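Just query.cif here, mmCIF, C-alpha atoms:
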```
data_final
loop_
_atom_site.label_atom_id
_atom_site.label_comp_id
_atom_site.auth_asym_id
_atom_site.auth_seq_id
_atom_site.Cartn_x
_atom_site.Cartn_y
_atom_site.Cartn_z
CA MET A 734 14.88 18.01 5.70
CA ALA A 735 11.28 17.97 4.53
CA ARG A 736 8.97 20.47 6.15
CA ALA A 737 5.49 19.50 7.25
CA VAL A 738 3.28 20.10 4.23
CA ALA A 739 -0.07 19.59 5.87
CA GLY A 740 -1.43 19.66 9.40
CA PRO A 741 -0.35 17.10 12.00
CA GLU A 742 -3.51 15.01 11.47
CA ILE A 743 -2.62 14.36 7.81
CA GLU A 744 1.07 13.81 8.60
CA ARG A 745 0.05 11.25 11.21
CA LEU A 746 -2.23 9.48 8.73
CA ILE A 747 0.63 9.32 6.20
CA GLN A 748 3.03 8.05 8.85
CA LEU A 749 0.65 5.25 9.88
CA LEU A 750 -0.13 4.30 6.26
CA SER A 751 3.62 4.07 5.56
CA ARG A 752 3.86 1.26 8.10
CA LEU A 753 1.65 -1.02 6.00
CA PRO A 754 3.66 -3.63 4.10
CA GLY A 755 4.02 -2.55 0.47
CA LEU A 756 3.70 1.17 1.19
CA GLY A 757 6.77 3.35 1.71
CA PRO A 758 6.80 7.01 2.75
CA ARG A 759 6.18 8.19 -0.80
CA SER A 760 3.37 5.79 -1.66
CA ALA A 761 1.78 6.42 1.76
CA ARG A 762 1.62 10.10 0.80
CA ARG A 763 -0.01 9.16 -2.50
CA ALA A 764 -2.43 6.84 -0.69
CA ALA A 765 -3.39 9.60 1.76
CA LEU A 766 -4.07 12.03 -1.09
CA HIS A 767 -6.06 9.36 -2.90
CA LEU A 768 -8.13 8.81 0.24
CA VAL A 769 -8.81 12.52 0.62
CA ARG A 770 -9.85 12.81 -3.02
CA ARG A 771 -12.12 9.76 -2.80
CA ARG A 772 -13.64 10.81 0.48
CA ALA A 773 -17.17 9.48 0.05
CA ASP A 774 -16.48 6.30 -1.88
CA LEU A 775 -13.20 5.19 -0.25
CA MET A 776 -12.11 7.09 2.86
CA GLU A 777 -15.45 6.88 4.67
CA PRO A 778 -16.05 3.18 3.86
CA LEU A 779 -12.45 2.28 4.76
CA THR A 780 -12.71 4.06 8.11
CA ALA A 781 -15.96 2.24 8.81
CA ALA A 782 -14.54 -1.12 7.67
CA LEU A 783 -11.51 -0.71 9.94
CA GLY A 784 -13.72 0.16 12.90
CA ASP A 785 -15.97 -2.77 12.11
CA ALA A 786 -13.05 -5.19 11.83
CA LEU A 787 -11.47 -3.82 15.02
CA GLU A 788 -14.65 -4.54 16.88
CA LYS A 789 -15.27 -8.01 15.51
CA ILE A 790 -11.95 -9.69 14.69
CA VAL A 791 -11.12 -12.76 16.75
CA VAL A 792 -8.65 -15.63 16.51
CA CYS A 793 -10.41 -18.94 15.84
CA SER A 794 -10.07 -21.06 18.98
CA THR A 795 -9.99 -24.24 16.88
CA CYS A 796 -7.48 -23.56 14.11
CA GLY A 797 -5.91 -20.16 14.85
CA ASN A 798 -7.29 -18.47 11.70
CA ILE A 799 -8.26 -14.81 11.95
CA ASP A 800 -11.91 -14.10 11.35
CA THR A 801 -14.90 -12.24 12.70
CA ARG A 802 -16.45 -15.40 14.12
CA ASP A 803 -15.24 -18.26 16.31
CA PRO A 804 -15.15 -21.00 15.03
CA CYS A 805 -13.96 -19.31 11.83
CA THR A 806 -15.63 -19.48 8.40
CA VAL A 807 -13.40 -22.39 7.35
CA CYS A 808 -13.87 -24.45 10.54
CA ALA A 809 -17.63 -23.81 10.50
CA ASP A 810 -18.02 -24.84 6.83
CA PRO A 811 -19.84 -28.22 6.80
CA ALA A 812 -18.67 -28.90 3.22
CA ARG A 813 -15.05 -29.21 4.38
CA ASP A 814 -13.33 -32.57 4.40
CA ALA A 815 -12.91 -33.18 8.14
CA SER A 816 -10.51 -36.06 7.53
CA MET A 817 -7.80 -33.71 6.19
CA LEU A 818 -5.93 -31.41 8.56
CA ILE A 819 -3.53 -28.94 6.92
CA ALA A 820 -0.87 -27.48 9.21
CA VAL A 821 0.48 -24.09 8.09
CA GLU A 822 3.01 -21.71 9.60
CA ASN A 823 0.78 -18.65 9.70
CA VAL A 824 -2.54 -17.17 8.66
CA ALA A 825 -1.04 -15.71 5.46
CA ASP A 826 -0.18 -19.25 4.32
CA LEU A 827 -3.71 -20.44 5.14
CA TRP A 828 -5.13 -17.60 3.05
CA ALA A 829 -2.70 -18.37 0.21
CA LEU A 830 -3.89 -22.00 0.06
CA GLU A 831 -7.53 -20.89 0.24
CA ARG A 832 -6.96 -18.32 -2.49
CA ALA A 833 -5.62 -21.07 -4.73
CA GLY A 834 -8.74 -23.03 -3.81
CA VAL A 835 -6.83 -26.31 -3.89
CA ALA A 836 -7.32 -27.71 -0.40
CA GLY A 837 -10.76 -28.75 0.79
CA GLY A 838 -9.75 -29.69 4.33
CA ARG A 839 -9.50 -27.89 7.65
CA TYR A 840 -6.45 -25.98 8.85
CA HIS A 841 -4.22 -25.62 11.83
CA VAL A 842 -2.11 -22.48 12.21
CA LEU A 843 1.15 -23.20 14.06
CA GLY A 844 2.08 -19.55 14.54
CA GLY A 845 5.63 -19.93 13.22
CA THR A 846 8.39 -22.50 12.96
CA LEU A 847 10.82 -23.98 15.45
CA SER A 848 13.90 -21.83 15.46
CA PRO A 849 16.40 -22.51 18.26
CA LEU A 850 18.53 -19.53 17.17
CA ASP A 851 15.59 -17.16 17.65
CA GLY A 852 14.58 -18.93 20.87
CA VAL A 853 11.38 -20.39 19.38
CA GLY A 854 10.75 -23.81 20.93
CA PRO A 855 7.81 -26.25 20.69
CA ASP A 856 5.98 -24.53 23.55
CA ASP A 857 5.93 -21.25 21.65
CA LEU A 858 3.97 -22.83 18.79
CA ASN A 859 0.48 -24.23 18.56
CA ILE A 860 1.87 -27.79 18.22
CA GLU A 861 0.34 -29.52 21.26
CA LYS A 862 -3.14 -28.70 20.02
CA LEU A 863 -2.31 -30.00 16.53
CA VAL A 864 -1.34 -33.35 18.06
CA ARG A 865 -4.60 -33.35 20.05
CA ARG A 866 -6.61 -32.61 16.90
CA ALA A 867 -4.72 -35.33 14.98
CA HIS A 868 -6.01 -37.84 17.55
CA GLU A 869 -9.65 -36.96 16.82
CA SER A 870 -11.35 -39.92 15.18
CA GLU A 871 -12.40 -38.19 11.94
CA VAL A 872 -8.86 -37.00 11.08
CA LYS A 873 -7.13 -39.38 8.66
CA GLU A 874 -4.34 -37.23 7.24
CA VAL A 875 -2.18 -34.37 8.46
CA ILE A 876 -0.63 -32.36 5.62
CA LEU A 877 2.39 -30.37 6.76
CA ALA A 878 2.13 -27.40 4.39
CA LEU A 879 5.17 -25.62 5.79
CA ASN A 880 7.61 -23.43 3.89
CA ALA A 881 10.44 -25.25 2.09
CA THR A 882 12.98 -23.54 4.36
CA VAL A 883 15.35 -25.12 6.87
CA ASP A 884 13.15 -24.01 9.80
CA GLY A 885 9.98 -25.13 8.04
CA GLN A 886 11.34 -28.59 7.29
CA THR A 887 12.85 -28.99 10.78
CA THR A 888 9.43 -28.21 12.23
CA ALA A 889 7.81 -30.70 9.86
CA HIS A 890 10.20 -33.45 11.01
CA TYR A 891 9.56 -32.62 14.66
CA ILE A 892 5.78 -32.79 14.20
CA THR A 893 6.00 -36.03 12.20
CA ASP A 894 7.77 -37.63 15.18
CA LEU A 895 5.04 -36.45 17.56
CA LEU A 896 2.31 -37.82 15.31
CA ARG A 897 3.82 -41.33 15.15
CA ASP A 898 1.28 -42.82 17.59
CA ALA A 899 -1.72 -40.97 16.15
CA ASN A 900 -3.65 -43.01 13.62
CA VAL A 901 -3.01 -40.57 10.74
CA LYS A 902 -1.05 -40.40 7.53
CA THR A 903 1.46 -37.54 7.67
CA THR A 904 2.34 -35.91 4.34
CA ARG A 905 4.11 -32.79 3.15
CA LEU A 906 3.90 -30.66 0.01
CA ALA A 907 5.86 -31.90 -3.01
CA HIS A 908 9.14 -30.22 -3.91
CA GLY A 909 9.79 -29.59 -7.59
CA VAL A 910 9.85 -27.19 -10.50
CA PRO A 911 7.25 -24.42 -10.03
CA VAL A 912 4.66 -24.35 -12.83
CA GLY A 913 5.97 -21.92 -15.44
CA GLY A 914 9.47 -22.17 -13.96
CA GLU A 915 12.56 -22.44 -16.13
CA LEU A 916 15.21 -24.97 -15.14
CA ASP A 917 17.99 -22.53 -15.93
CA TYR A 918 16.87 -20.23 -13.12
CA LEU A 919 16.27 -22.88 -10.44
CA ASP A 920 18.65 -23.72 -7.61
CA GLU A 921 20.36 -27.09 -7.27
CA GLY A 922 18.21 -28.15 -4.32
CA THR A 923 15.00 -27.73 -6.29
CA LEU A 924 16.39 -29.43 -9.39
CA SER A 925 17.67 -32.35 -7.33
CA ALA A 926 14.31 -32.71 -5.52
CA ALA A 927 12.42 -32.52 -8.82
CA LEU A 928 14.61 -35.23 -10.34
CA ARG A 929 14.30 -37.52 -7.30
CA SER A 930 10.48 -37.16 -7.30
CA ARG A 931 10.11 -37.52 -11.09
CA THR A 932 6.77 -38.96 -12.20
CA PRO A 933 5.90 -41.16 -15.21
CA PHE A 934 4.79 -39.18 -18.27
CA MET B 995 -12.25 -18.93 -8.16
CA ALA B 996 -11.01 -18.02 -4.70
CA ARG B 997 -13.37 -18.80 -1.87
CA ALA B 998 -13.95 -16.31 0.91
CA VAL B 999 -11.31 -17.11 3.50
CA ALA B 1000 -12.55 -14.91 6.26
CA GLY B 1001 -15.80 -13.24 7.19
CA PRO B 1002 -17.36 -10.50 5.03
CA GLU B 1003 -16.00 -7.76 7.30
CA ILE B 1004 -12.39 -8.77 6.63
CA GLU B 1005 -13.03 -9.35 2.92
CA ARG B 1006 -14.51 -5.86 2.71
CA LEU B 1007 -11.49 -4.37 4.48
CA ILE B 1008 -9.16 -6.15 2.02
CA GLN B 1009 -11.24 -5.00 -0.94
CA LEU B 1010 -11.10 -1.35 0.21
CA LEU B 1011 -7.37 -1.51 0.97
CA SER B 1012 -6.74 -2.91 -2.52
CA ARG B 1013 -8.12 0.34 -3.98
CA LEU B 1014 -5.27 2.36 -2.49
CA PRO B 1015 -2.61 3.22 -5.07
CA GLY B 1016 0.37 0.91 -4.67
CA LEU B 1017 -1.63 -1.95 -3.15
CA GLY B 1018 -3.00 -4.77 -5.30
CA PRO B 1019 -5.30 -7.59 -4.16
CA ARG B 1020 -2.39 -9.63 -2.80
CA SER B 1021 -0.64 -6.82 -0.93
CA ALA B 1022 -4.00 -5.60 0.41
CA ARG B 1023 -4.44 -9.05 1.94
CA ARG B 1024 -0.97 -8.81 3.47
CA ALA B 1025 -1.74 -5.30 4.72
CA ALA B 1026 -5.00 -6.48 6.33
CA LEU B 1027 -3.19 -9.33 8.10
CA HIS B 1028 -0.48 -6.92 9.22
CA LEU B 1029 -3.15 -4.61 10.64
CA VAL B 1030 -4.82 -7.44 12.52
CA ARG B 1031 -1.50 -8.58 13.97
CA ARG B 1032 -0.54 -5.05 15.02
CA ARG B 1033 -3.93 -4.27 16.44
CA ALA B 1034 -2.96 -1.98 19.32
CA ASP B 1035 -0.02 -0.15 17.76
CA LEU B 1036 -1.23 0.19 14.16
CA MET B 1037 -4.85 -0.76 13.46
CA GLU B 1038 -6.36 1.23 16.31
CA PRO B 1039 -4.25 4.37 15.69
CA LEU B 1040 -4.88 4.17 11.92
CA THR B 1041 -8.62 3.89 12.42
CA ALA B 1042 -8.53 6.88 14.75
CA ALA B 1043 -6.29 8.88 12.38
CA LEU B 1044 -8.64 8.22 9.46
CA GLY B 1045 -11.65 9.29 11.50
CA ASP B 1046 -9.80 12.37 12.68
CA ALA B 1047 -8.74 13.31 9.14
CA LEU B 1048 -12.25 12.66 7.79
CA GLU B 1049 -13.64 15.07 10.33
CA LYS B 1050 -11.10 17.84 9.85
CA ILE B 1051 -9.81 17.81 6.26
CA VAL B 1052 -10.66 20.89 4.20
CA VAL B 1053 -9.47 22.39 0.93
CA CYS B 1054 -7.60 25.68 1.48
CA SER B 1055 -9.79 28.46 0.09
CA THR B 1056 -6.68 30.45 -0.85
CA CYS B 1057 -4.42 28.00 -2.68
CA GLY B 1058 -6.38 24.74 -3.04
CA ASN B 1059 -4.02 22.69 -0.84
CA ILE B 1060 -5.54 19.96 1.31
CA ASP B 1061 -5.11 20.45 5.02
CA THR B 1062 -6.95 20.39 8.32
CA ARG B 1063 -7.08 24.18 8.53
CA ASP B 1064 -8.14 26.99 6.19
CA PRO B 1065 -5.97 28.87 5.28
CA CYS B 1066 -3.63 25.88 5.08
CA THR B 1067 -0.32 25.43 6.93
CA VAL B 1068 1.66 26.79 3.95
CA CYS B 1069 -0.56 29.85 3.34
CA ALA B 1070 -0.64 30.65 7.07
CA ASP B 1071 3.15 30.41 7.44
CA PRO B 1072 4.46 34.00 7.96
CA ALA B 1073 8.00 32.92 7.02
CA ARG B 1074 6.94 32.27 3.41
CA ASP B 1075 8.07 34.57 0.63
CA ALA B 1076 4.79 36.24 -0.36
CA SER B 1077 6.33 37.65 -3.54
CA MET B 1078 6.64 34.17 -5.09
CA LEU B 1079 3.53 32.31 -6.28
CA ILE B 1080 4.09 28.75 -7.49
CA ALA B 1081 1.34 27.32 -9.70
CA VAL B 1082 1.12 23.50 -9.65
CA GLU B 1083 -1.23 21.04 -11.33
CA ASN B 1084 -2.35 19.24 -8.21
CA VAL B 1085 -1.81 18.80 -4.49
CA ALA B 1086 0.60 15.88 -5.05
CA ASP B 1087 2.91 18.24 -6.97
CA LEU B 1088 2.68 20.82 -4.18
CA TRP B 1089 3.65 18.15 -1.65
CA ALA B 1090 6.51 16.96 -3.88
CA LEU B 1091 8.00 20.48 -4.02
CA GLU B 1092 7.54 20.91 -0.27
CA ARG B 1093 9.11 17.52 0.37
CA ALA B 1094 12.16 18.64 -1.60
CA GLY B 1095 12.10 21.79 0.53
CA VAL B 1096 13.33 23.91 -2.37
CA ALA B 1097 10.60 26.51 -2.77
CA GLY B 1098 9.97 29.09 -0.06
CA GLY B 1099 6.96 30.73 -1.70
CA ARG B 1100 3.22 30.26 -1.62
CA TYR B 1101 1.33 27.91 -3.93
CA HIS B 1102 -1.67 27.83 -6.20
CA VAL B 1103 -3.22 24.48 -7.11
CA LEU B 1104 -4.79 24.56 -10.59
CA GLY B 1105 -6.59 21.24 -10.24
CA GLY B 1106 -5.33 19.82 -13.52
CA THR B 1107 -4.24 20.97 -16.98
CA LEU B 1108 -6.09 22.25 -20.02
CA SER B 1109 -7.00 19.26 -22.14
CA PRO B 1110 -9.43 19.93 -25.01
CA LEU B 1111 -9.56 16.19 -25.82
CA ASP B 1112 -10.78 15.38 -22.31
CA GLY B 1113 -13.10 18.40 -22.34
CA VAL B 1114 -11.09 20.29 -19.71
CA GLY B 1115 -11.27 24.03 -20.47
CA PRO B 1116 -10.05 27.11 -18.54
CA ASP B 1117 -13.30 27.29 -16.54
CA ASP B 1118 -12.70 23.80 -15.14
CA LEU B 1119 -9.42 24.87 -13.59
CA ASN B 1120 -8.59 27.28 -10.79
CA ILE B 1121 -7.02 29.73 -13.28
CA GLU B 1122 -9.17 32.84 -12.79
CA LYS B 1123 -8.22 32.94 -9.13
CA LEU B 1124 -4.51 32.55 -9.98
CA VAL B 1125 -4.76 35.65 -12.23
CA ARG B 1126 -6.50 37.52 -9.40
CA ARG B 1127 -3.78 36.51 -6.92
CA ALA B 1128 -1.07 37.51 -9.44
CA HIS B 1129 -2.51 41.04 -9.39
CA GLU B 1130 -2.04 41.36 -5.62
CA SER B 1131 0.61 43.97 -4.89
CA GLU B 1132 3.05 41.71 -2.98
CA VAL B 1133 3.31 39.10 -5.76
CA LYS B 1134 6.37 39.70 -7.96
CA GLU B 1135 6.83 36.33 -9.67
CA VAL B 1136 4.57 33.49 -10.80
CA ILE B 1137 6.44 30.20 -11.25
CA LEU B 1138 4.56 27.77 -13.49
CA ALA B 1139 5.72 24.48 -11.96
CA LEU B 1140 3.66 22.33 -14.32
CA ASN B 1141 4.58 18.89 -15.62
CA ALA B 1142 6.81 18.80 -18.69
CA THR B 1143 4.00 17.20 -20.70
CA VAL B 1144 2.16 18.60 -23.73
CA ASP B 1145 -0.89 19.45 -21.61
CA GLY B 1146 1.24 20.95 -18.85
CA GLN B 1147 3.16 23.18 -21.26
CA THR B 1148 0.00 24.20 -23.16
CA THR B 1149 -1.53 25.27 -19.86
CA ALA B 1150 1.64 27.19 -18.97
CA HIS B 1151 1.48 29.10 -22.28
CA TYR B 1152 -2.20 29.88 -21.76
CA ILE B 1153 -1.59 31.23 -18.26
CA THR B 1154 1.44 33.26 -19.39
CA ASP B 1155 -0.82 35.05 -21.91
CA LEU B 1156 -3.39 35.85 -19.20
CA LEU B 1157 -0.69 37.24 -16.90
CA ARG B 1158 0.70 39.66 -19.49
CA ASP B 1159 -0.97 42.73 -17.93
CA ALA B 1160 -0.22 41.71 -14.35
CA ASN B 1161 2.94 43.29 -12.98
CA VAL B 1162 4.72 39.95 -12.41
CA LYS B 1163 7.59 37.98 -13.86
CA THR B 1164 6.34 34.62 -15.23
CA THR B 1165 8.82 31.75 -15.13
CA ARG B 1166 8.77 27.99 -15.57
CA LEU B 1167 10.93 25.13 -14.28
CA ALA B 1168 14.12 24.44 -16.23
CA HIS B 1169 14.25 21.45 -18.57
CA GLY B 1170 17.44 19.41 -18.57
CA VAL B 1171 19.28 16.28 -17.48
CA PRO B 1172 17.90 15.00 -14.14
CA VAL B 1173 20.56 14.92 -11.41
CA GLY B 1174 22.09 11.43 -11.49
CA GLY B 1175 20.66 10.87 -14.98
CA GLU B 1176 22.70 9.22 -17.73
CA LEU B 1177 22.64 10.78 -21.19
CA ASP B 1178 22.37 7.38 -22.84
CA TYR B 1179 18.95 6.80 -21.28
CA LEU B 1180 17.44 10.24 -21.95
CA ASP B 1181 15.04 11.09 -24.76
CA GLU B 1182 15.92 13.51 -27.55
CA GLY B 1183 13.61 16.24 -26.26
CA THR B 1184 15.38 16.35 -22.89
CA LEU B 1185 18.85 16.22 -24.46
CA SER B 1186 17.98 18.99 -26.89
CA ALA B 1187 16.52 21.15 -24.08
CA ALA B 1188 19.57 20.52 -21.90
CA LEU B 1189 21.91 21.53 -24.73
CA ARG B 1190 19.94 24.69 -25.55
CA SER B 1191 19.93 25.77 -21.90
CA ARG B 1192 23.59 24.91 -21.25
CA THR B 1193 25.27 26.97 -18.54
CA PRO B 1194 28.89 28.14 -18.16
CA PHE B 1195 31.05 25.79 -16.10
#
```

Turn this file's structure into structure tokens for me.
Amino acid sequence: MARAVAGPEIERLIQLLSRLPGLGPRSARRAALHLVRRRADLMEPLTAALGDALEKIVVCSTCGNIDTRDPCTVCADPARDASMLIAVENVADLWALERAGVAGGRYHVLGGTLSPLDGVGPDDLNIEKLVRRAHESEVKEVILALNATVDGQTTAHYITDLLRDANVKTTRLAHGVPVGGELDYLDEGTLSAALRSRTPF
Amino acid sequence: MARAVAGPEIERLIQLLSRLPGLGPRSARRAALHLVRRRADLMEPLTAALGDALEKIVVCSTCGNIDTRDPCTVCADPARDASMLIAVENVADLWALERAGVAGGRYHVLGGTLSPLDGVGPDDLNIEKLVRRAHESEVKEVILALNATVDGQTTAHYITDLLRDANVKTTRLAHGVPVGGELDYLDEGTLSAALRSRTPF
């Protein structure tokens, strides 16, 4: 049984930090010490940044992205290709695509995937609004950038059906060998998909 | 080049989080999203805890521990064995020993080790005060719980010399095979120390 080393305020800070993904009890302790040591150039700015974010963060009413303005930075960007609507499961996926800088379109965050076992049905997701957006005249293509999991692909099929009478092309991300991947380490599903979708060299 | 996904407030929060030990740019992004999702039960309490800690954290004027009171929780604890003074390099080491719950004495944080190459001399460390505390009548033993590195052991030797005319026993942590350690993976120095300090079975 570990005794309390420091006062309850510090123990509480450590306990809260340990609930961040990627930090366990030990690294939360290290993070707390690091913060205390870097008081002026890290702890004070971080406290202020958290307060600032707390005050300003909103969910974009158009796409579901998290930002400090509504519509969000992506939706408000006039340089975006308005004909391309990219549906993602969650905000982390949106950020991952933006980080890669590969998609120049607008997004739509579904908020999860259909999962009958977990009791997640169509009404629990932001699907109805996606269908409404797909009917807007400027949208020409809906890219279903969902995870290559059973739930992700089931959701993609379900949405494709709903979009049948919208005047849009519905696409999904390609399956195949990840760049830098070695065949020896890949599962059969990926290898089979990569072979089926082979491209001329 | 990654574009800014969210507003500058969120980007700034991510950037500050990524400077915590254990979090890189990617996990800081995940941590920020996690905070935003758990607004009421994590982000708000964490912001408050940081502000609280910022306001109250002090360095213990007796031992150098970081706490919200001075003297710190450990120094103020009447159940501690006042005859045992444990010198450690830094606060993280003090917390590690407390976490293990193995030492019932009081501590003294040196603030580093002697390191001529890095220009760290005796005056840069909290050594003079350790010698003064070692001369207090209730102190019977000074345990030099320094890292088993060259700098740590040099510092231990230096302090042992200074404590020669104090009426205390000076000890250091045992070297040997870590519990659960396999001989095959240990370095020669550790094996040789473990053999020299072998104990009857």

Kindly indicate which residue among B:Met1078, B:Ala1128, B:Leu1088, B:Ala1073 lies nearest to chain A, using all atoms listed in the file for the distances.
->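 The answer is B:Leu1088, which sits nearest to chain A.
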
Output the contact residues of chain B with respect to chain A at a cut-off of 8 Å, based on only C-alpha atoms, as a PyMOL selection string.
-> chain B and resi 995-1001+1003-1004+1006-1007+1010-1011+1013-1017+1021+1024-1025+1027-1030+1033+1036-1041+1043-1048+1051+1060-1063+1066-1068+1085-1086+1089+1092-1095

Expected selection from the PyMOL selection byres ((chain B and resi 1168) around 9), given as a VMD selection string = chain B and resid 1166 to 1167 1169 to 1170 1187 to 1188 1191

One-decimal distance in Å that lies between CA of Thr923 (chain A) and CA of Thr893 (chain A) |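 We find that CA of Thr893 (chain A) and CA of Thr923 (chain A) lie 22.2 Å from each other.
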
Thr903 (chain A): which residues within 6 Å, counting all atoms listed in the file, same-chain residues fewer than 5 positions away excluded, as a PyMOL selection string?
-> chain A and resi 874-876

What does the PyMOL selection byres ((chain A and resi 858) around 7) select in this file, as a list in words?
-> Leu843, Gly844, Gly845, Pro855, Asp856, Asp857, Asn859 and Ile860 of chain A

Using only C-alpha atoms, pick whichever of B:Val1125, B:Ala1076, B:Val1082, B:Leu1108 has the shortest atom-to-atom distance to Ala1160 (chain B).
-> B:Val1125

CA of Leu877 (chain A) and CA of Leu896 (chain A), how far apart in Å?
->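 Straight-line distance from CA of Leu896 (chain A) to CA of Leu877 (chain A) works out to 11.3 Å.
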
List the residues selected by the PyMOL selection byres ((chain B and resi 1143-1145) around 10) in the file shown, writing them as a ChimeraX atom specification.
-> /B:1106-1110,1140-1142,1146-1151

Mind pulling up the distance from CA of Cys796 (chain A) to CA of Tyr840 (chain A)?
->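 Separating CA of Tyr840 (chain A) from CA of Cys796 (chain A) is a distance of 5.9 Å.
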
Determine the axis-aligned bounding box of all atoms of region 844-862 of chain A present in the file, pad each side by 8 Å, and express its centre and edge lengths in Å to one decimal place as AutoDock Vina command-line options.
```
--center_x 7.7 --center_y -23.3 --center_z 18.3 --size_x 37.7 --size_y 28.4 --size_z 26.6
```

From the set A:Ile819, A:Gly922, A:Gly852, A:Glu861, which residue has the shortest atom-to-atom contact distance to Thr904 (chain A), counting all atoms listed in the file?
->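 Distance minimum relative to Thr904 (chain A) lands on A:Ile819.
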